[in-house]
Amino acid sequence: MTVTERPRLVLPGLIPADPRLERYRVHPGAVTAVELDAGDEITVIDTDGRQRGELTVLARGAEDYTALGTSADAAATVVGALASHPCAGTDGGVAGLAAAMITGPEVIAALAARGLDPAAARAVGLFGEWSPAGQAAAFTAQQAATCIVAAPGGLMAVGEDNPPSDLVVEVRRARPRPPREPVLPPPLTDPVLDLRVDSSTALAYQVEAGQYIQVIDVEGRQCSDFLAFCARRLADGAERGLDATTTRNLMGNAYPQPGLYGKFFDQDMHPLVEVVRDTVGRHDTFALACNAKYYEDMGYPGHVNCTDNFNAQLGPFGIAARRGWPALNFFYNTFFNEANQLFFDEPWSRPGDYVLLRAMTDLVCASSACPDDIDPANAWKPTDIHVRVYPAERRFSMAIAHRVTPDAEPKLTLQTAFHPRWSALTGRTTEYRGYWLPTSFDNHGAIGEYWACREGAVVMDLSPLRKFEVVGPDAEALLQSAVTRNIRKLAEGQVVYTAMCNDTGGMLDDATVFRFGADRFRFVGGDEHDGIWLRQLAGRLGLDRVWVKHSTDHLHNLAVQGPKSRELLRELVWTPPAQPALGDLGWFRFAIGRIGGPAGLPLIVSRTGYTGELGYELWCHPRDGLALWDAVWEAGSARGLTPLGLDALDMLRIESGLIFAGYEFCDQVDPFEAGIGFTVPLKTKEDDFVGRAALQRRKASPQRTLVGLELGGNEAAGHGDCVHAGRSQVGVITSGTRSPILRKNIALCRMAVEYSEIGTEVEVGKLDGFRKRIPAQVVRFPFYDPDKARPRS
């Protein structure tokens, strides 16, 4: 009898099931060290290509490359830098030297004990300037050894095309090691409390005002209920703890997250804690902490539960016992369906994920490691929680974590190069695609910023756009296959706006492509996954002479927009004789230049924008960001230059018919339905590209298209509002606003083609779609400057 193995669940990002396989990452300019036993295999992988590596081997108290059957051929430049900057280049410490990773000076001390002299260290040179993506170097240990892998990296100038990238280290053990204890993330600083909450237990602890509380999911997919009480009120005999209803009412969210609306309150509306960081983004404030009645009703009388655990811990503080505690349930994955029923499923959290809170008053706190093993709340297997408390004197960046794929490292929200300047002008910010951006500015507001763009000049930070260098002999072929536009017709110094689709014709992203040379392009999109998609496509097509390198960290950009933008920048931006002067720069063209003259800071200036006005974008290395902002601000001070936030930008782009990811398009919407059918030249682009066949079918038999609507009255339509002809829904609002310059109530709508003719009357449904209707009529769009005369001017 043959037993067929059932397909297994795919759970990326969790601790691997194979006990012999270990995986580490080496960031540019950093090192990771791994201990090997005889017979172990180590493989270093250049995932993106064109990234040099250095491998230093220690054995028997000195450098010894025979331990891996190789020899050193270069200086260990990154290891050498550790001698003068011991905290700057350590990624993962020394794997295997301790239960937890160690970093900084401890790494140097640990490696020195094994015979490393950083100042004189040698290395095996790995890969090269043109190593292909995915190239690997594998070695087998002949004896016990310590391997130090480094990824040299520096700054990429604006005219260059090879940003440094990560290396991946894989270790396959010859003999399975004893199961490893889960590795906690390194402390953010020296903690004043370091507590392990064992599985199915709870702990109470006290925190002083200003201190930080880090709640860590040790193994992933484990819930942790959190309680906090004002210590001062407890001393007065009054219990005032976290109140979910009050918090939701004041913050306007199901649960607060880092940012302007990130505080938790008690029932007297006093803030108790502020969320500083969150690497998961999925929690609960609706359900009670698990309690005896829940388990009894499910048929498990006597089951250990969080409520009883809390009662035992909080009793000594004079807090009365309860049958069910309303708690902040970290990592608990709850959601409501369309019938408003509350559901829950396995947590999103991965090993080492955490939430960081700041105490806003002296607190008595309690944290649990939930014991629920009868449903998916803890993925059916309760594990530990770890709590650290840090001193109030330290400061931590406010951040949300993002993973480009479920198994990728989390990246915390960053500040752009221009953040120190614009943040002095406003406190109203939001998290946008991994960066903090302003929504509006003090003393202006969205309406004032809007009019400044339509009548004068504005400056805006657009650094979160994702940039990728696409270079090599196969670069043109890759982009020709990846995007809808005809890249073969793109001239050097030209920019083109395009869609990028999947095989069904659905839009993965919209983007601009810059051509720097025959084999050098820059792809600028909105989604970090674009680079992964491009590399996967290159592999699928067998294009092995193209490199896709992520360069967002090396290129931040300001948009200077409005009818006075050319006048403002004309004397500021210098270009060499071989490049067009700023005043001569055509629409969707770019030039490489400098600020102020041939010795000024380098930049790229493109005549592009997202406002429907004459405008430019200035691209520079982040190290030059403050100088660029200051130069632009000074040049614009006499011309009324105004900072622009996201709220005003939304009004501008809707008026101009410019689309936005997640609103006008997603991977279920094709470019024709998104209103950018002009980016799909099926007749003039003869080469095949991803989604071409599907788009030909969709164009021949269209079902929906993007239209403009003019609504009666002044109540704006919102994203997702239904659009009806009688009882039947015939469309959905993608974006809406009241247009200041047109003095009209307008919206973009994805409409059934049968109702897309100009002049067609429909109704926008509010409430449930039937109890309130706003009359609307299909009109020409873009609403403002439909012939694009202003940006072309």
# chains A, B, ... in the order shown; residues from 1 in each chain; ligands from 1

call {"tool": "select_by_dssp", "arguments": {"residues": "region 61-212 of chain A", "states": "strand (DSSP E)", "output": "PyMOL selection string"}}
result
chain A and resi 62-63+74-75+90-95+122-126+135-140+145-151+167-172+193-197+202-207+212

call {"tool": "residues_around", "arguments": {"residues": "region 261-269 of chain A", "least_positions_apart": "5", "cutoff": "10 Å", "atoms": "only C-alpha atoms", "output": "PyMOL selection string"}}
result
chain A and resi 228-230+239-253+255-256+274-277+328+357-360+430

call {"tool": "atom_distance", "arguments": {"atom1": "CA of Ile741 (chain A)", "atom2": "CA of Ala452 (chain A)"}}
result
11.7 Å

call {"tool": "residues_around", "arguments": {"residues": "region 212-221 of chain A", "least_positions_apart": "2", "cutoff": "7 Å", "atoms": "only C-alpha atoms", "output": "ChimeraX atom specification"}}
result
/A:182,184,210,223,346-359,378-379,383-392

call {"tool": "write_last_selection", "arguments": {"atoms": "N, CA and C atoms", "output": "compact mmCIF listing (two decimals), in the first residue's frame"}}
result
# COMPACT_ATOMS: atom_id res chain seq x y z
N PRO A 182 14.00 29.43 21.62
CA PRO A 182 13.69 30.58 20.77
C PRO A 182 14.57 31.77 21.14
N LEU A 184 15.30 35.51 21.60
CA LEU A 184 14.64 36.79 21.79
C LEU A 184 15.36 37.87 21.01
N GLY A 210 6.66 57.35 32.25
CA GLY A 210 7.71 57.58 31.26
C GLY A 210 8.47 56.34 30.86
N CYS A 223 -1.10 34.88 22.10
CA CYS A 223 -1.79 36.04 22.63
C CYS A 223 -1.27 36.42 24.02
N GLU A 346 -5.92 32.37 14.01
CA GLU A 346 -4.53 32.35 14.49
C GLU A 346 -3.90 33.73 14.42
N PRO A 347 -3.08 34.09 15.40
CA PRO A 347 -2.42 35.41 15.38
C PRO A 347 -1.51 35.58 14.18
N TRP A 348 -1.31 36.83 13.82
CA TRP A 348 -0.39 37.18 12.73
C TRP A 348 1.07 37.22 13.21
N SER A 349 1.29 37.28 14.51
CA SER A 349 2.63 37.54 15.04
C SER A 349 3.59 36.41 14.71
N ARG A 350 4.85 36.80 14.51
CA ARG A 350 5.95 35.89 14.23
C ARG A 350 6.93 35.92 15.40
N PRO A 351 7.85 34.95 15.49
CA PRO A 351 8.79 34.94 16.61
C PRO A 351 9.53 36.27 16.77
N GLY A 352 9.52 36.81 17.97
CA GLY A 352 10.22 38.06 18.24
C GLY A 352 9.41 39.31 17.99
N ASP A 353 8.20 39.18 17.46
CA ASP A 353 7.36 40.37 17.29
C ASP A 353 7.03 40.98 18.64
N TYR A 354 6.79 42.29 18.66
CA TYR A 354 6.55 42.94 19.94
C TYR A 354 5.70 44.20 19.78
N VAL A 355 5.19 44.65 20.92
CA VAL A 355 4.56 45.96 21.05
C VAL A 355 5.32 46.71 22.13
N LEU A 356 5.61 47.98 21.86
CA LEU A 356 6.31 48.83 22.82
C LEU A 356 5.37 49.95 23.25
N LEU A 357 5.18 50.07 24.56
CA LEU A 357 4.28 51.07 25.14
C LEU A 357 5.08 52.04 26.01
N ARG A 358 4.57 53.25 26.15
CA ARG A 358 5.17 54.21 27.10
C ARG A 358 4.14 54.51 28.17
N ALA A 359 4.52 54.33 29.43
CA ALA A 359 3.63 54.63 30.55
C ALA A 359 3.46 56.14 30.70
N ASN A 378 -4.28 30.80 19.98
CA ASN A 378 -2.82 30.70 20.12
C ASN A 378 -2.25 29.67 19.15
N ALA A 379 -2.91 29.52 18.00
CA ALA A 379 -2.51 28.52 17.00
C ALA A 379 -2.46 27.12 17.63
N THR A 383 2.37 29.27 24.19
CA THR A 383 3.81 29.39 24.44
C THR A 383 4.05 30.60 25.35
N ASP A 384 5.30 30.98 25.50
CA ASP A 384 5.68 32.02 26.46
C ASP A 384 5.54 33.43 25.88
N ILE A 385 5.48 34.38 26.80
CA ILE A 385 5.56 35.81 26.51
C ILE A 385 6.72 36.37 27.32
N HIS A 386 7.39 37.38 26.78
CA HIS A 386 8.48 38.02 27.52
C HIS A 386 8.18 39.51 27.65
N VAL A 387 8.47 40.07 28.82
CA VAL A 387 8.22 41.49 29.08
C VAL A 387 9.51 42.15 29.53
N ARG A 388 9.81 43.27 28.90
CA ARG A 388 10.95 44.10 29.33
C ARG A 388 10.45 45.51 29.61
N VAL A 389 10.99 46.11 30.63
CA VAL A 389 10.68 47.50 30.97
C VAL A 389 11.97 48.30 30.87
N TYR A 390 11.92 49.42 30.13
CA TYR A 390 13.11 50.24 29.88
C TYR A 390 12.98 51.59 30.57
N PRO A 391 14.11 52.23 30.88
CA PRO A 391 14.08 53.50 31.63
C PRO A 391 13.46 54.63 30.82
N ALA A 392 12.87 55.58 31.57
CA ALA A 392 12.19 56.71 30.93
C ALA A 392 13.17 57.64 30.23

call {"tool": "closest_atom_pairs", "arguments": {"of": "region 598-701 of chain A", "to": "region 511-520 of chain A", "cutoff": "12 Å", "atoms": "only C-alpha atoms", "output": "tab-separated table"}}
result
residue	atom	partner	partner_atom	distance
A:Ile604	CA	A:Phe514	CA	10.8
A:Val605	CA	A:Phe514	CA	11.4
A:Ser606	CA	A:Phe514	CA	9.3
A:Arg607	CA	A:Phe514	CA	11.5
A:Thr608	CA	A:Thr512	CA	9.3
A:Gly609	CA	A:Thr512	CA	10.6
A:Tyr610	CA	A:Thr512	CA	11.6
A:Ile659	CA	A:Ala511	CA	11.2
A:Phe660	CA	A:Ala511	CA	11.1
A:Ala661	CA	A:Ala511	CA	10.7
A:Ile676	CA	A:Ala511	CA	11.8
A:Thr679	CA	A:Ala511	CA	10.6

call {"tool": "write_last_selection", "arguments": {"atoms": "N, CA and C atoms", "output": "short mmCIF file (atom, residue, chain, number, x, y, z; two decimals), in the first residue's frame"}}
result
data_model
loop_
_atom_site.label_atom_id
_atom_site.label_comp_id
_atom_site.auth_asym_id
_atom_site.auth_seq_id
_atom_site.Cartn_x
_atom_site.Cartn_y
_atom_site.Cartn_z
N ILE A 604 18.97 64.72 -9.17
CA ILE A 604 18.29 64.51 -10.43
C ILE A 604 17.00 65.31 -10.36
N VAL A 605 16.68 66.03 -11.42
CA VAL A 605 15.45 66.79 -11.48
C VAL A 605 14.61 66.23 -12.62
N SER A 606 13.38 65.89 -12.34
CA SER A 606 12.47 65.37 -13.36
C SER A 606 11.24 66.26 -13.42
N ARG A 607 10.72 66.41 -14.63
CA ARG A 607 9.50 67.21 -14.78
C ARG A 607 8.31 66.27 -14.69
N THR A 608 8.02 65.89 -13.49
CA THR A 608 6.94 64.94 -13.20
C THR A 608 6.22 65.42 -11.94
N GLY A 609 5.07 64.84 -11.66
CA GLY A 609 4.33 65.23 -10.47
C GLY A 609 3.02 64.49 -10.37
N TYR A 610 2.29 64.82 -9.29
CA TYR A 610 1.05 64.10 -8.95
C TYR A 610 -0.04 65.09 -8.54
N ILE A 659 -4.75 58.38 -10.39
CA ILE A 659 -5.21 57.22 -9.63
C ILE A 659 -4.29 56.90 -8.47
N PHE A 660 -4.84 56.14 -7.51
CA PHE A 660 -4.13 55.82 -6.27
C PHE A 660 -4.32 54.34 -5.96
N ALA A 661 -3.22 53.68 -5.61
CA ALA A 661 -3.27 52.25 -5.31
C ALA A 661 -4.21 51.98 -4.14
N ILE A 676 -6.55 54.23 -16.88
CA ILE A 676 -5.25 54.54 -17.52
C ILE A 676 -5.03 53.60 -18.71
N THR A 679 -2.00 53.70 -21.10
CA THR A 679 -0.69 53.10 -20.83
C THR A 679 -0.56 51.71 -21.45
#

call {"tool": "closest_residue", "arguments": {"among": "A:Met156, A:Cys749, A:Leu585, A:Met500", "to": "Asp670 (chain A)", "atoms": "only C-alpha atoms"}}
result
A:Met500

call {"tool": "closest_residue", "arguments": {"among": "A:Gly115, A:Gly596, A:Gly691, A:Gly731", "to": "Leu628 (chain A)", "atoms": "only C-alpha atoms"}}
result
A:Gly596

call {"tool": "atom_distance", "arguments": {"atom1": "CA of Asp73 (chain A)", "atom2": "CA of Gln143 (chain A)"}}
result
20.7 Å

call {"tool": "residues_around", "arguments": {"residues": "Glu528 (chain A)", "least_positions_apart": "2", "cutoff": "10 Å", "atoms": "only C-alpha atoms", "output": "PyMOL selection string"}}
result
chain A and resi 403-405+433-434+464-468+524-526+530-533+550+552

call {"tool": "atom_distance", "arguments": {"atom1": "CA of Ala204 (chain A)", "atom2": "CA of Asn311 (chain A)"}}
result
10.0 Å

call {"tool": "select_by_dssp", "arguments": {"residues": "region 145-252 of chain A", "states": "alpha helix (DSSP H)", "output": "list in words"}}
result
Ala231, Arg232, Arg233, Leu234, Ala235, Ala244, Thr245, Thr246, Thr247, Arg248, Asn249, Leu250 and Met251 of chain A

call {"tool": "closest_residue", "arguments": {"among": "A:Val470, A:Val459, A:Ala377, A:Leu68", "to": "Ala289 (chain A)", "atoms": "only C-alpha atoms"}}
result
A:Ala377

call {"tool": "residues_around", "arguments": {"residues": "Pro791 (chain A)", "least_positions_apart": "2", "cutoff": "8 Å", "atoms": "only C-alpha atoms", "output": "PyMOL selection string"}}
result
chain A and resi 587+612-615+788-789+793

call {"tool": "write_last_selection", "arguments": {"atoms": "N, CA and C atoms", "output": "PDB file, in the first residue's frame"}}
result
ATOM      1  N   TRP A 587       8.222  67.954 -20.539  1.00  0.00           N
ATOM      2  CA  TRP A 587       7.333  67.143 -19.697  1.00  0.00           C
ATOM      3  C   TRP A 587       7.771  65.679 -19.770  1.00  0.00           C
ATOM      4  N   GLY A 612      -1.373  67.574 -11.151  1.00  0.00           N
ATOM      5  CA  GLY A 612      -2.055  68.162 -12.296  1.00  0.00           C
ATOM      6  C   GLY A 612      -1.588  69.559 -12.618  1.00  0.00           C
ATOM      7  N   GLU A 613      -0.486  70.005 -11.991  1.00  0.00           N
ATOM      8  CA  GLU A 613       0.086  71.328 -12.256  1.00  0.00           C
ATOM      9  C   GLU A 613       1.481  71.181 -12.859  1.00  0.00           C
ATOM     10  N   LEU A 614       1.987  72.275 -13.399  1.00  0.00           N
ATOM     11  CA  LEU A 614       3.403  72.328 -13.735  1.00  0.00           C
ATOM     12  C   LEU A 614       4.188  71.958 -12.481  1.00  0.00           C
ATOM     13  N   GLY A 615       5.184  71.095 -12.629  1.00  0.00           N
ATOM     14  CA  GLY A 615       5.903  70.707 -11.435  1.00  0.00           C
ATOM     15  C   GLY A 615       7.131  69.875 -11.725  1.00  0.00           C
ATOM     16  N   LYS A 788      -4.586  68.488 -19.901  1.00  0.00           N
ATOM     17  CA  LYS A 788      -3.240  68.533 -19.295  1.00  0.00           C
ATOM     18  C   LYS A 788      -2.406  69.705 -19.830  1.00  0.00           C
ATOM     19  N   ALA A 789      -3.066  70.810 -20.089  1.00  0.00           N
ATOM     20  CA  ALA A 789      -2.332  71.966 -20.602  1.00  0.00           C
ATOM     21  C   ALA A 789      -1.400  72.548 -19.549  1.00  0.00           C
ATOM     22  N   SER A 793       2.740  72.970 -19.811  1.00  0.00           N
ATOM     23  CA  SER A 793       3.071  74.349 -20.168  1.00  0.00           C
ATOM     24  C   SER A 793       4.562  74.637 -20.008  1.00  0.00           C
TER      25      SER A 793
END

call {"tool": "residues_around", "arguments": {"residues": "Pro775 (chain A)", "least_positions_apart": "2", "cutoff": "8 Å", "atoms": "only C-alpha atoms", "output": "JSON, numbers by chain"}}
result
{"A": [711, 712, 761, 762, 763, 764, 773, 777]}

call {"tool": "residues_around", "arguments": {"residues": "region 148-150 of chain A", "least_positions_apart": "4", "cutoff": "8 Å", "atoms": "only C-alpha atoms", "output": "list in words"}}
result
Val26, Pro28, Gly29, Ala30, Val31, Thr32, Ala33, Val34, Gly53, Glu54, Leu55, Thr56, Val57, Val78, Val79 and Val169 of chain A

call {"tool": "write_last_selection", "arguments": {"atoms": "C-alpha atoms", "output": "short mmCIF file (atom, residue, chain, number, x, y, z; two decimals), in the first residue's frame"}}
result
data_model
loop_
_atom_site.label_atom_id
_atom_site.label_comp_id
_atom_site.auth_asym_id
_atom_site.auth_seq_id
_atom_site.Cartn_x
_atom_site.Cartn_y
_atom_site.Cartn_z
CA VAL A 26 23.82 40.06 6.63
CA PRO A 28 25.32 46.02 4.04
CA GLY A 29 28.23 47.25 6.10
CA ALA A 30 27.62 44.60 8.77
CA VAL A 31 28.78 41.13 9.79
CA THR A 32 27.20 37.92 11.03
CA ALA A 33 29.25 35.18 12.67
CA VAL A 34 28.28 31.50 12.85
CA GLY A 53 30.91 39.43 0.30
CA GLU A 54 33.79 38.69 2.67
CA LEU A 55 34.28 35.44 4.58
CA THR A 56 36.75 35.27 7.48
CA VAL A 57 37.39 31.85 9.07
CA VAL A 78 34.15 45.32 7.16
CA VAL A 79 35.71 43.33 10.01
CA VAL A 169 23.73 32.80 5.08
#
